[in-house]
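File shown: work.cif (mmCIF, C-alpha atoms).
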data_data
loop_
_atom_site.label_atom_id
_atom_site.label_comp_id
_atom_site.auth_asym_id
_atom_site.auth_seq_id
_atom_site.Cartn_x
_atom_site.Cartn_y
_atom_site.Cartn_z
CA MET A 1 195.15 185.78 170.02
CA GLY A 2 193.19 188.38 171.96
CA ARG A 3 191.53 189.42 168.72
CA PHE A 4 190.69 185.80 167.90
CA ILE A 5 188.97 185.43 171.26
CA SER A 6 187.10 188.70 170.84
CA VAL A 7 185.61 187.45 167.54
CA VAL A 8 184.56 184.17 169.21
CA ARG A 9 183.08 186.10 172.14
CA ARG A 10 181.14 188.40 169.85
CA ASP A 11 179.62 185.50 167.89
CA LEU A 12 178.76 183.63 171.08
CA ARG A 13 177.13 186.74 172.48
CA LEU A 14 175.14 187.24 169.29
CA ALA A 15 174.02 183.60 169.32
CA LEU A 16 173.02 183.71 172.98
CA ARG A 17 171.14 187.00 172.70
CA GLN A 18 169.22 185.78 169.69
CA GLY A 19 168.85 182.51 171.55
CA SER A 20 166.36 180.64 169.47
CA ASP A 21 168.80 179.18 166.94
CA SER A 22 170.76 176.92 169.28
CA VAL A 23 167.61 175.74 171.01
CA MET A 24 165.97 175.06 167.67
CA VAL A 25 168.90 172.96 166.47
CA VAL A 26 168.75 170.76 169.58
CA MET A 27 164.96 170.51 169.37
CA PHE A 28 165.23 169.48 165.73
CA PHE A 29 167.80 166.85 166.67
CA VAL A 30 165.63 165.44 169.46
CA LEU A 31 162.42 165.48 167.43
CA THR A 32 163.95 163.81 164.37
CA VAL A 33 165.34 160.98 166.45
CA ILE A 34 162.04 160.58 168.33
CA LEU A 35 160.25 160.15 164.99
CA PHE A 36 162.13 156.92 164.27
CA PRO A 37 160.50 154.73 166.94
CA PHE A 38 157.15 155.88 165.52
CA GLY A 39 158.18 155.10 161.97
CA ILE A 40 160.00 151.82 162.55
CA GLY A 41 157.87 150.50 165.37
CA PRO A 42 158.66 150.03 169.04
CA GLU A 43 160.64 146.82 168.66
CA GLY A 44 163.64 147.26 170.93
CA ASN A 45 166.34 145.33 169.11
CA ILE A 46 165.59 146.87 165.70
CA LEU A 47 165.85 150.35 167.22
CA ALA A 48 169.05 149.46 169.02
CA ARG A 49 170.48 148.16 165.74
CA VAL A 50 169.85 151.41 163.85
CA ALA A 51 170.47 153.79 166.79
CA PRO A 52 174.07 154.86 166.01
CA GLY A 53 173.25 155.62 162.38
CA VAL A 54 170.02 157.46 163.17
CA ILE A 55 171.65 159.61 165.84
CA MET A 56 174.64 160.47 163.66
CA VAL A 57 172.50 161.34 160.64
CA ALA A 58 170.13 163.45 162.74
CA ALA A 59 173.08 165.31 164.32
CA LEU A 60 174.49 165.94 160.87
CA LEU A 61 171.20 167.33 159.56
CA ALA A 62 170.65 169.42 162.68
CA SER A 63 174.05 171.07 162.49
CA MET A 64 173.42 171.74 158.81
CA LEU A 65 170.28 173.69 159.68
CA SER A 66 172.29 176.42 161.33
CA LEU A 67 175.19 176.62 158.90
CA GLU A 68 173.71 179.54 157.03
CA ARG A 69 173.95 181.57 160.20
CA ILE A 70 177.76 181.57 160.27
CA PHE A 71 178.10 184.34 157.68
CA GLN A 72 174.66 185.36 156.42
CA ALA A 73 173.74 188.04 158.99
CA ASP A 74 177.23 189.55 158.87
CA TYR A 75 177.06 189.60 155.10
CA GLU A 76 173.74 191.42 155.06
CA ASP A 77 174.59 194.18 157.52
CA GLY A 78 178.07 194.92 156.17
CA SER A 79 179.99 193.43 159.11
CA LEU A 80 181.60 190.84 156.87
CA GLU A 81 183.18 193.59 154.74
CA LEU A 82 184.63 195.20 157.84
CA LEU A 83 185.87 191.86 159.15
CA THR A 84 187.54 191.25 155.79
CA LEU A 85 189.16 194.68 156.08
CA SER A 86 190.44 194.20 159.61
CA PRO A 87 194.21 193.72 159.96
CA MET A 88 193.65 190.25 161.43
CA PRO A 89 194.03 187.49 158.78
CA LEU A 90 190.63 186.51 157.38
CA GLU A 91 191.47 182.83 157.86
CA ALA A 92 191.70 183.39 161.61
CA ILE A 93 188.41 185.28 161.65
CA VAL A 94 186.70 182.47 159.75
CA LEU A 95 188.15 179.92 162.17
CA ALA A 96 186.90 181.96 165.13
CA LYS A 97 183.41 182.15 163.65
CA THR A 98 183.45 178.40 162.95
CA LEU A 99 184.50 177.72 166.54
CA ALA A 100 181.65 179.87 167.81
CA HIS A 101 179.26 177.98 165.55
CA TRP A 102 180.46 174.66 166.92
CA LEU A 103 180.16 175.85 170.52
CA THR A 104 176.56 176.92 169.98
CA THR A 105 175.36 173.95 167.90
CA GLY A 106 177.80 171.01 167.99
CA LEU A 107 178.33 171.05 171.74
CA PRO A 108 174.61 171.06 172.67
CA LEU A 109 174.09 168.14 170.27
CA ILE A 110 176.80 166.12 172.02
CA ILE A 111 175.24 166.83 175.39
CA ALA A 112 171.78 165.80 174.17
CA SER A 113 172.98 162.59 172.49
CA PRO A 114 172.99 160.20 175.53
CA LEU A 115 169.36 161.02 176.16
CA LEU A 116 168.53 160.07 172.60
CA ALA A 117 170.60 156.93 172.85
CA VAL A 118 168.35 155.89 175.75
CA LEU A 119 165.26 156.62 173.68
CA MET A 120 166.65 154.47 170.88
CA ASN A 121 167.29 151.60 173.28
CA MET A 122 171.01 151.66 172.61
CA ASP A 123 173.23 149.53 174.83
CA ILE A 124 174.95 151.59 177.51
CA LYS A 125 178.34 150.26 176.33
CA GLY A 126 178.11 152.50 173.30
CA PHE A 127 177.28 155.80 175.05
CA SER A 128 180.81 157.04 175.66
CA MET A 129 181.92 156.17 172.12
CA LEU A 130 178.82 157.83 170.68
CA MET A 131 179.87 161.02 172.41
CA VAL A 132 183.46 160.62 171.25
CA ALA A 133 182.23 160.08 167.68
CA LEU A 134 180.12 163.24 167.86
CA LEU A 135 182.93 165.15 169.53
CA LEU A 136 185.18 164.39 166.57
CA ALA A 137 182.49 164.60 163.88
CA THR A 138 180.64 167.84 164.73
CA PRO A 139 183.68 170.17 164.52
CA THR A 140 184.46 168.63 161.14
CA LEU A 141 180.90 169.36 160.05
CA SER A 142 181.22 172.98 161.17
CA LEU A 143 184.53 173.40 159.36
CA ILE A 144 183.34 171.89 156.07
CA GLY A 145 179.97 173.59 156.45
CA ALA A 146 181.63 177.00 156.78
CA ILE A 147 182.98 176.60 153.24
CA GLY A 148 179.47 175.90 151.97
CA ALA A 149 178.04 178.79 153.97
CA ALA A 150 180.62 181.17 152.53
CA LEU A 151 180.12 179.91 148.97
CA VAL A 152 176.36 180.52 148.91
CA LEU A 153 176.58 184.09 150.27
CA GLY A 154 174.67 186.44 148.05
CA SER A 155 172.59 183.72 146.42
CA ARG A 156 168.91 183.32 147.15
CA ARG A 157 167.71 180.16 148.90
CA GLY A 158 171.25 179.55 150.05
CA GLY A 159 170.08 177.12 152.73
CA VAL A 160 169.13 174.36 150.29
CA LEU A 161 172.21 175.00 148.20
CA ILE A 162 174.47 174.54 151.24
CA SER A 163 173.01 171.07 151.81
CA LEU A 164 173.68 170.09 148.22
CA LEU A 165 177.24 171.34 148.46
CA VAL A 166 178.31 169.89 151.77
CA LEU A 167 176.23 166.76 152.39
CA PRO A 168 178.33 164.59 150.05
CA LEU A 169 181.45 165.75 151.88
CA PHE A 170 180.04 164.55 155.20
CA VAL A 171 179.82 160.91 154.05
CA PRO A 172 183.28 159.78 155.28
CA VAL A 173 182.65 161.33 158.69
CA LEU A 174 179.31 159.53 158.88
CA ILE A 175 180.75 156.16 157.88
CA PHE A 176 183.57 156.19 160.41
CA GLY A 177 181.44 157.75 163.15
CA VAL A 178 178.81 155.03 162.92
CA SER A 179 181.44 152.34 162.58
CA LEU A 180 183.11 153.63 165.76
CA VAL A 181 179.90 153.28 167.78
CA ASP A 182 179.10 149.89 166.22
CA ALA A 183 182.57 148.63 167.11
CA ALA A 184 182.15 149.78 170.70
CA LEU A 185 178.75 148.07 170.91
CA GLY A 186 180.17 144.84 169.49
CA GLY A 187 183.12 144.94 171.86
CA PHE A 188 185.76 145.41 169.13
CA ALA A 189 188.79 147.71 169.09
CA VAL A 190 187.86 151.33 168.36
CA LYS A 191 191.31 152.86 167.98
CA SER A 192 191.48 152.89 164.20
CA GLN A 193 188.13 154.66 163.79
CA ILE A 194 189.08 157.28 166.39
CA LEU A 195 192.37 157.86 164.61
CA ILE A 196 190.71 158.24 161.22
CA LEU A 197 188.07 160.65 162.57
CA SER A 198 190.78 162.68 164.33
CA GLY A 199 192.79 162.68 161.13
CA ILE A 200 189.84 164.01 159.13
CA LEU A 201 189.24 166.67 161.78
CA LEU A 202 192.86 167.82 161.76
CA ALA A 203 193.01 167.90 157.97
CA CYS A 204 189.82 169.99 157.88
CA LEU A 205 191.18 172.27 160.61
CA ALA A 206 194.25 172.93 158.51
CA MET A 207 192.55 173.36 155.14
CA CYS A 208 188.95 174.51 155.54
CA PRO A 209 189.61 178.01 156.94
CA PHE A 210 191.64 178.84 153.83
CA ALA A 211 188.88 177.70 151.50
CA SER A 212 186.20 179.55 153.50
CA ALA A 213 188.27 182.72 153.62
CA MET A 214 188.72 182.57 149.87
CA ALA A 215 184.97 182.18 149.39
CA VAL A 216 184.25 185.08 151.77
CA ARG A 217 186.65 187.34 149.86
CA GLN A 218 184.86 186.38 146.68
CA SER A 219 181.48 187.22 148.19
CA VAL A 220 182.35 190.72 149.42
CA GLU A 221 183.97 191.73 146.13
CA MET W 1 204.93 212.23 154.19
CA ALA W 2 203.15 209.22 152.77
CA VAL W 3 201.75 209.00 149.27
CA PHE W 4 198.85 206.77 148.29
CA ALA W 5 198.49 206.53 144.54
CA GLY W 6 196.85 204.50 141.83
CA GLN W 7 197.85 204.22 138.23
CA ASP W 8 195.92 203.07 135.16
CA LEU W 9 193.29 201.38 137.30
CA VAL W 10 190.71 199.27 135.48
CA CYS W 11 187.47 198.17 137.07
CA ILE W 12 185.19 195.53 135.57
CA ARG W 13 181.95 194.51 137.28
CA GLY W 14 179.88 191.71 135.86
CA GLU W 15 181.69 191.80 132.51
CA ARG W 16 180.92 195.49 132.19
CA LEU W 17 183.79 197.94 132.05
CA VAL W 18 183.13 200.55 134.74
CA PHE W 19 186.18 202.76 134.35
CA SER W 20 189.66 202.45 132.92
CA ASN W 21 192.98 204.31 132.95
CA LEU W 22 192.06 206.01 136.19
CA ASN W 23 194.86 207.69 138.11
CA PHE W 24 194.84 209.23 141.54
CA SER W 25 197.43 210.42 143.98
CA LEU W 26 196.98 211.51 147.55
CA GLU W 27 199.47 212.77 150.12
CA SER W 28 199.28 213.02 153.89
CA ARG W 29 196.94 215.84 154.92
CA GLY W 30 195.23 215.52 151.57
CA ALA W 31 191.57 214.99 150.78
CA LEU W 32 190.17 213.53 147.59
CA ILE W 33 186.52 213.98 146.79
CA LEU W 34 185.05 211.56 144.27
CA ILE W 35 182.18 212.84 142.19
CA GLY W 36 180.35 211.40 139.21
CA HIS W 37 176.88 210.31 138.16
CA ASN W 38 175.17 207.22 139.60
CA GLY W 39 176.96 204.11 138.44
CA ALA W 40 180.12 205.97 137.47
CA GLY W 41 182.12 203.75 139.79
CA LYS W 42 182.72 205.91 142.88
CA SER W 43 181.90 203.09 145.27
CA SER W 44 183.84 200.61 143.16
CA LEU W 45 186.90 202.85 143.28
CA LEU W 46 186.62 203.18 147.07
CA ARG W 47 186.23 199.42 147.44
CA MET W 48 189.24 198.98 145.20
CA MET W 49 191.28 201.34 147.38
CA ALA W 50 190.18 199.36 150.43
CA GLY W 51 191.30 196.11 148.84
CA LEU W 52 187.83 194.58 148.68
CA LEU W 53 187.91 194.69 144.90
CA THR W 54 190.95 193.64 142.93
CA PRO W 55 191.81 195.99 140.07
CA ARG W 56 191.73 194.20 136.72
CA GLY W 57 194.52 196.39 135.52
CA GLY W 58 196.91 198.97 136.95
CA VAL W 59 198.58 199.24 140.35
CA MET W 60 197.92 200.98 143.62
CA SER W 61 200.94 201.94 145.63
CA TRP W 62 201.84 203.28 149.05
CA ASP W 63 205.06 205.30 149.03
CA GLY W 64 205.87 203.70 145.69
CA ILE W 65 205.46 200.10 146.94
CA PRO W 66 202.50 198.19 145.43
CA VAL W 67 199.91 197.60 148.15
CA SER W 68 199.19 194.10 146.85
CA GLU W 69 202.57 193.03 148.24
CA ASP W 70 201.32 193.25 151.80
CA MET W 71 197.55 193.48 152.07
CA ASP W 72 197.53 192.98 155.86
CA GLU W 73 199.65 196.09 156.28
CA HIS W 74 197.45 198.00 153.85
CA ARG W 75 194.32 197.03 155.77
CA GLU W 76 195.95 198.11 159.01
CA ARG W 77 196.29 201.68 157.76
CA LEU W 78 192.78 202.22 156.47
CA HIS W 79 189.25 202.69 157.67
CA TYR W 80 186.34 202.06 155.35
CA VAL W 81 182.78 203.29 155.78
CA GLY W 82 180.45 201.73 153.23
CA HIS W 83 176.72 201.81 152.58
CA HIS W 84 175.97 199.44 155.45
CA ASP W 85 176.54 200.49 159.03
CA ALA W 86 177.41 197.04 160.42
CA ILE W 87 175.51 197.63 163.65
CA LYS W 88 174.34 194.41 165.31
CA PRO W 89 170.73 194.79 166.45
CA VAL W 90 171.18 192.76 169.64
CA LEU W 91 174.42 194.36 170.80
CA SER W 92 174.54 197.69 172.60
CA VAL W 93 176.31 200.68 171.06
CA GLU W 94 179.21 200.12 173.44
CA GLU W 95 179.55 196.44 172.52
CA ASN W 96 179.30 197.23 168.83
CA LEU W 97 181.97 199.92 168.97
CA MET W 98 184.31 198.17 171.36
CA PHE W 99 184.38 195.07 169.19
CA TRP W 100 185.52 196.97 166.12
CA ALA W 101 187.96 199.10 168.08
CA GLY W 102 189.40 196.02 169.81
CA LEU W 103 190.12 194.36 166.47
CA ARG W 104 192.53 197.16 165.60
CA SER W 105 194.04 198.35 168.84
CA ASP W 106 194.54 196.82 172.26
CA GLU W 107 191.70 196.83 174.78
CA LYS W 108 192.97 199.66 176.98
CA GLN W 109 193.67 202.08 174.19
CA ALA W 110 190.39 201.19 172.52
CA ARG W 111 188.51 202.07 175.70
CA GLU W 112 190.18 205.50 175.92
CA ASN W 113 189.48 206.38 172.30
CA PHE W 114 185.97 205.02 172.60
CA LYS W 115 184.89 207.74 175.05
CA GLU W 116 186.29 210.42 172.79
CA ALA W 117 184.54 208.92 169.78
CA LEU W 118 181.17 209.00 171.52
CA ASP W 119 181.62 212.63 172.55
CA VAL W 120 182.55 213.78 169.07
CA PHE W 121 179.27 212.63 167.60
CA SER W 122 177.30 213.44 170.79
CA ILE W 123 176.07 209.90 171.38
CA PRO W 124 177.23 209.15 174.97
CA HIS W 125 173.60 208.80 175.99
CA LEU W 126 173.14 205.91 173.52
CA ILE W 127 175.88 203.81 175.08
CA ASP W 128 173.60 201.08 176.48
CA ILE W 129 170.98 201.15 173.75
CA PRO W 130 170.79 197.99 171.61
CA GLY W 131 171.44 198.57 167.92
CA ARG W 132 167.87 197.70 166.90
CA PHE W 133 166.48 200.84 168.57
CA LEU W 134 168.75 203.26 166.71
CA SER W 135 167.52 205.46 163.88
CA ALA W 136 169.30 205.47 160.52
CA GLY W 137 171.15 208.67 161.42
CA GLN W 138 172.16 207.37 164.84
CA LYS W 139 173.47 204.17 163.26
CA ARG W 140 175.53 206.24 160.87
CA ARG W 141 176.93 208.26 163.78
CA VAL W 142 177.94 205.08 165.59
CA ASN W 143 179.58 203.81 162.41
CA LEU W 144 181.52 207.07 162.07
CA ALA W 145 182.46 206.95 165.75
CA ARG W 146 184.02 203.56 164.94
CA ILE W 147 186.68 205.14 162.75
CA ILE W 148 187.63 207.56 165.52
CA ALA W 149 187.74 204.85 168.18
CA SER W 150 190.78 203.28 166.52
CA LYS W 151 193.35 205.32 164.65
CA SER W 152 194.25 204.68 161.04
CA PRO W 153 195.79 207.18 158.62
CA VAL W 154 193.54 206.59 155.61
CA TRP W 155 189.78 207.12 155.73
CA LEU W 156 187.74 205.81 152.83
CA LEU W 157 184.22 207.16 153.19
CA ASP W 158 181.45 206.17 150.83
CA GLU W 159 178.77 208.86 151.03
CA PRO W 160 179.34 209.42 154.75
CA THR W 161 176.74 212.16 155.03
CA THR W 162 173.78 209.90 154.20
CA ALA W 163 171.06 210.17 156.88
CA LEU W 164 173.03 212.72 158.92
CA ASP W 165 171.51 216.02 160.07
CA LYS W 166 173.16 219.36 159.21
CA GLU W 167 174.69 219.73 162.63
CA THR W 168 176.36 216.33 162.48
CA ILE W 169 177.62 216.95 158.94
CA LYS W 170 179.33 220.06 160.31
CA LYS W 171 180.87 217.96 163.08
CA LEU W 172 182.00 215.37 160.57
CA GLU W 173 183.70 218.10 158.55
CA ASP W 174 185.52 219.28 161.68
CA VAL W 175 186.58 215.73 162.50
CA MET W 176 187.88 215.24 158.96
CA GLU W 177 189.89 218.48 159.16
CA THR W 178 191.40 217.43 162.49
CA HIS W 179 192.26 214.06 161.00
CA ARG W 180 194.02 215.75 158.09
CA GLN W 181 195.94 218.09 160.33
CA GLY W 182 197.15 215.04 162.24
CA GLY W 183 198.71 213.75 159.00
CA GLY W 184 195.83 211.58 157.84
CA MET W 185 194.28 211.40 154.40
CA ILE W 186 190.67 211.15 153.32
CA VAL W 187 188.91 209.87 150.23
CA LEU W 188 185.18 210.39 150.14
CA SER W 189 182.46 210.07 147.59
CA THR W 190 179.50 212.38 147.82
CA HIS W 191 176.55 213.84 145.98
CA SER W 192 176.01 216.70 148.42
CA ASP W 193 178.34 219.52 149.36
CA VAL W 194 180.97 218.68 151.91
CA ASN W 195 183.15 221.61 152.94
CA LEU W 196 186.78 220.65 153.20
CA SER W 197 189.70 223.03 152.79
CA ASN W 198 191.22 222.78 149.29
CA PRO W 199 190.36 219.17 148.42
CA ASP W 200 191.31 217.47 145.18
CA ILE W 201 188.29 216.60 143.09
CA LEU W 202 188.21 213.47 140.96
CA ASN W 203 185.34 213.00 138.56
CA VAL W 204 185.11 209.25 138.14
CA GLY W 205 182.68 209.81 135.28
CA ASP W 206 185.57 211.11 133.13
CA TYR W 207 187.12 207.67 133.04
CA VAL W 208 184.01 205.79 132.05
CA ALA W 209 184.33 204.13 128.66
CA PRO W 210 181.84 205.59 126.19
CA LEU W 211 179.04 203.27 125.14
CA GLY W 212 180.03 200.92 122.35
CA PHE W 213 183.65 201.23 123.35
CA GLU W 214 183.26 198.72 126.10
CA SER W 215 184.05 195.59 124.16
CA ALA W 216 186.80 197.35 122.20
CA SER W 217 188.53 198.55 125.36
CA LEU W 218 188.10 195.13 126.96
CA LEU W 219 189.98 193.71 124.00
CA ALA W 220 192.61 196.40 124.28
CA GLU W 221 193.17 195.49 127.94
CA GLY W 222 193.65 191.93 126.78
CA ILE W 223 190.84 190.63 128.96
#
Any chance you could put this one into structure tokens?
Amino acid sequence: MGRFISVVRRDLRLALRQGSDSVMVVMFFVLTVILFPFGIGPEGNILARVAPGVIMVAALLASMLSLERIFQADYEDGSLELLTLSPMPLEAIVLAKTLAHWLTTGLPLIIASPLLAVLMNMDIKGFSMLMVALLLATPTLSLIGAIGAALVLGSRRGGVLISLLVLPLFVPVLIFGVSLVDAALGGFAVKSQILILSGILLACLAMCPFASAMAVRQSVE
Amino acid sequence: MAVFAGQDLVCIRGERLVFSNLNFSLESRGALILIGHNGAGKSSLLRMMAGLLTPRGGVMSWDGIPVSEDMDEHRERLHYVGHHDAIKPVLSVEENLMFWAGLRSDEKQARENFKEALDVFSIPHLIDIPGRFLSAGQKRRVNLARIIASKSPVWLLDEPTTALDKETIKKLEDVMETHRQGGGMIVLSTHSDVNLSNPDILNVGDYVAPLGFESASLLAEGI
């Protein structure tokens, strides 16, 4: 467990020292959402209607921007080889790195989301459920994204390839996330959507590290 | 007395047969120097010993038990130094080293060994310097200090003398001798002279399939 935490701490430290990545992800998120009122027009009820979908899609794209970072730098400087060779199971290392990725990108997105909901003229009833939806969706994105990030190691222009690999897998998360916020806005029960999103998250938590670890092993061979 | 051995090892990279029927055997206090021309498969053999590469044929064993039965245990007993130094540019030398040491031993022990490791390669003055300001040779020293900061019996060193000055090579030789006297074993590949007392020499080039034989031997291996 101590080793798990030390991997998380190292990745957090690396992310904070290099700084720009996390800030860029949040800026991208904010800017993309701000573009919509310009594109659609300032009509309040149209914006409010599309707000949950726009915010979820923007969060999804923003977190995708930084996926490459999970393994790429470690792969290039040889750290990934050494991590693979450490006595700690590779699955645990991958999970630790994914957690660090979520803490530096997913969490800031969740914190920024209410502000964007205001900009999109969303009803205040939906704010808490928007954050719940993102809280359940972003870790899933990090977990699935880690598989993509590990698979494209060693290939050129991996960034675009990751999107092609993982975007289709994000669709269920998107559907139930948006439906959760819509239900909250309409005053309907939200339990089933929360349960499904939690279920997807738990399934990913159990399965994704194994797939990512397998892909990492393949890449360092 | 532990024995690390490999039998009939076959290595294939990108559908090309690198070497086949390679055998090696190494006991505690032993040293094995891998020689051979560029592309003979020295690095591949070291990566295979480390478990990064899976042999396409043959077995590697530790005290007669195939290492593939428990890879975690095998990884626990080895240190690998490859072509890359794995130094993070934004972390200081201390943070870099302590992370790797902490992955293998507990915090307190890591901290004790860490001081010793710095002294051996005379880099205590670099302790707070971020990795991006280190020269190639200094990075290599930090990487070598890593394998002293946590103890493991098997050292797999892929051209460890690259970028090192003569003085440090001498120190490295001393460190390797001390490690052997303590019951450790060393495998290293090199193109330059490294002075170790009575090492075994393995010419990987001897096991390379002659040109034209590649497809035939691939067939023979049933691959």
Kindly assemble as a tab-separated table a list of the chain A residues that lie within 10 Å of chain W, each paired with its nearest atom pair and their distance in Å to one decimal, using all atoms listed in the file, sorted first by chain and then by ascending residue number.
residue	atom	partner	partner_atom	distance
A:Gly2	CA	W:Asp106	CA	8.6
A:Arg3	CA	W:Leu103	CA	5.6
A:Phe4	CA	W:Leu103	CA	8.7
A:Ser6	CA	W:Phe99	CA	7.1
A:Val7	CA	W:Phe99	CA	7.9
A:Arg9	CA	W:Phe99	CA	9.5
A:Arg10	CA	W:Phe99	CA	7.4
A:Arg13	CA	W:Leu91	CA	8.3
A:Leu14	CA	W:Val90	CA	6.8
A:Ala15	CA	W:Val90	CA	9.6
A:Leu16	CA	W:Val90	CA	9.8
A:Arg17	CA	W:Val90	CA	6.5
A:Gln18	CA	W:Val90	CA	7.3
A:Ala73	CA	W:Lys88	CA	9.0
A:Asp74	CA	W:Ala86	CA	7.7
A:Tyr75	CA	W:Ala86	CA	9.2
A:Glu76	CA	W:His84	CA	8.3
A:Asp77	CA	W:Ala86	CA	5.0
A:Gly78	CA	W:Ala86	CA	4.8
A:Ser79	CA	W:Ala86	CA	4.6
A:Leu80	CA	W:Ala86	CA	8.3
A:Glu81	CA	W:Leu52	CA	7.7
A:Leu82	CA	W:Tyr80	CA	7.5
A:Leu83	CA	W:Trp100	CA	8.6
A:Thr84	CA	W:Leu52	CA	7.9
A:Leu85	CA	W:Arg75	CA	5.7
A:Ser86	CA	W:Arg75	CA	6.1
A:Pro87	CA	W:Glu76	CA	4.8
A:Met88	CA	W:Asp72	CA	7.3
A:Pro89	CA	W:Asp72	CA	7.1
A:Leu90	CA	W:Asp72	CA	9.6
A:Arg217	CA	W:Leu52	CA	7.4
A:Gln218	CA	W:Leu52	CA	8.9
A:Ser219	CA	W:Leu52	CA	9.7
A:Val220	CA	W:Leu52	CA	6.7
A:Glu221	CA	W:Leu53	CA	5.1
d(CA of His179 (chain W), CA of Lys139 (chain W)) in Å: 21.4 Å
Residue with smallest distance to Gly41 (chain W) - pool W:Asp158, W:Glu177, W:Asp200, W:Asp165, counting only C-alpha atoms: W:Asp158
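Protein and nucleic acid residues near (182.8, 162.9, 170.5) are Gly106, Leu107, Ile110, Ile111, Ser128, Met129, Leu130, Met131, Val132, Ala133, Leu134, Leu135, Leu136, Ala137, Thr138, Pro139, Gly177, Ile194 and Leu197 of chain A, the criterion being any atom at most 10 Å away using only C-alpha atoms.
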Please produce a file of those selected residues containing C-alpha atoms, as a JSON list (two decimals), keeping the file's coordinate frame.
[["chain", "number", "residue", "atom", "x", "y", "z"],
["A", 106, "GLY", "CA", 177.80, 171.01, 167.99],
["A", 107, "LEU", "CA", 178.33, 171.05, 171.74],
["A", 110, "ILE", "CA", 176.80, 166.12, 172.02],
["A", 111, "ILE", "CA", 175.24, 166.83, 175.39],
["A", 128, "SER", "CA", 180.81, 157.04, 175.66],
["A", 129, "MET", "CA", 181.92, 156.17, 172.12],
["A", 130, "LEU", "CA", 178.82, 157.83, 170.68],
["A", 131, "MET", "CA", 179.87, 161.02, 172.41],
["A", 132, "VAL", "CA", 183.46, 160.62, 171.25],
["A", 133, "ALA", "CA", 182.23, 160.08, 167.68],
["A", 134, "LEU", "CA", 180.12, 163.24, 167.86],
["A", 135, "LEU", "CA", 182.93, 165.15, 169.53],
["A", 136, "LEU", "CA", 185.18, 164.39, 166.57],
["A", 137, "ALA", "CA", 182.49, 164.60, 163.88],
["A", 138, "THR", "CA", 180.64, 167.84, 164.73],
["A", 139, "PRO", "CA", 183.68, 170.17, 164.52],
["A", 177, "GLY", "CA", 181.44, 157.75, 163.15],
["A", 194, "ILE", "CA", 189.08, 157.28, 166.39],
["A", 197, "LEU", "CA", 188.07, 160.65, 162.57]]
One-decimal distance in Å that lies between CA of Gly36 (chain W) and CA of Val18 (chain W):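 So the two atoms, CA of Val18 (chain W) and CA of Gly36 (chain W), lie 12.1 Å apart.
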Selected residue, from W:Pro160, W:Gly58, W:Gly6, W:Gly183, that lies nearest to Ile33 (chain W) when counting all atoms listed in the file: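 Of W:Pro160, W:Gly58, W:Gly6, W:Gly183, the one nearest Ile33 (chain W), counting all atoms listed in the file, is W:Pro160.
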Nearest to Ser66 (chain A), chosen from A:Leu31, A:Ala48, A:Gly158, A:Glu91, with all atoms listed in the file counted in the distances: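 The closest residue to Ser66 (chain A) is A:Gly158.
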Starting from the displayed file, determine the output of the PyMOL selection byres ((chain W and resi 141) around 10) and express the residue list as a PDB file with C-alpha atoms, keeping the file's coordinate frame.
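Generated file (out18.pdb):
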ATOM      1  CA  ASP W  85     176.540 200.490 159.030  1.00  0.00           C
ATOM      2  CA  ALA W 117     184.540 208.920 169.780  1.00  0.00           C
ATOM      3  CA  LEU W 118     181.170 209.000 171.520  1.00  0.00           C
ATOM      4  CA  VAL W 120     182.550 213.780 169.070  1.00  0.00           C
ATOM      5  CA  PHE W 121     179.270 212.630 167.600  1.00  0.00           C
ATOM      6  CA  SER W 122     177.300 213.440 170.790  1.00  0.00           C
ATOM      7  CA  ILE W 123     176.070 209.900 171.380  1.00  0.00           C
ATOM      8  CA  SER W 135     167.520 205.460 163.880  1.00  0.00           C
ATOM      9  CA  ALA W 136     169.300 205.470 160.520  1.00  0.00           C
ATOM     10  CA  GLY W 137     171.150 208.670 161.420  1.00  0.00           C
ATOM     11  CA  GLN W 138     172.160 207.370 164.840  1.00  0.00           C
ATOM     12  CA  LYS W 139     173.470 204.170 163.260  1.00  0.00           C
ATOM     13  CA  ARG W 140     175.530 206.240 160.870  1.00  0.00           C
ATOM     14  CA  VAL W 142     177.940 205.080 165.590  1.00  0.00           C
ATOM     15  CA  ASN W 143     179.580 203.810 162.410  1.00  0.00           C
ATOM     16  CA  LEU W 144     181.520 207.070 162.070  1.00  0.00           C
ATOM     17  CA  ALA W 145     182.460 206.950 165.750  1.00  0.00           C
ATOM     18  CA  ARG W 146     184.020 203.560 164.940  1.00  0.00           C
ATOM     19  CA  PRO W 160     179.340 209.420 154.750  1.00  0.00           C
ATOM     20  CA  THR W 161     176.740 212.160 155.030  1.00  0.00           C
ATOM     21  CA  ALA W 163     171.060 210.170 156.880  1.00  0.00           C
ATOM     22  CA  LEU W 164     173.030 212.720 158.920  1.00  0.00           C
ATOM     23  CA  THR W 168     176.360 216.330 162.480  1.00  0.00           C
ATOM     24  CA  ILE W 169     177.620 216.950 158.940  1.00  0.00           C
ATOM     25  CA  LEU W 172     182.000 215.370 160.570  1.00  0.00           C
TER      26      LEU W 172
END
Distance in Å - CA of Met1 (chain A) versus CA of Leu109 (chain A): 27.5 Å
Selection result of the PyMOL selection byres ((chain A and resi 152) around 10) on this file, as a list in words: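 So the PyMOL selection byres ((chain A and resi 152) around 10), applied here, picks out Glu68, Phe71, Gln72, Ile147, Gly148, Ala149, Ala150, Leu151, Leu153, Gly154, Ser155, Arg156, Arg157, Gly158, Gly159, Val160, Leu161, Ile162, Leu165, Ala215, Val216 and Ser219 of chain A.
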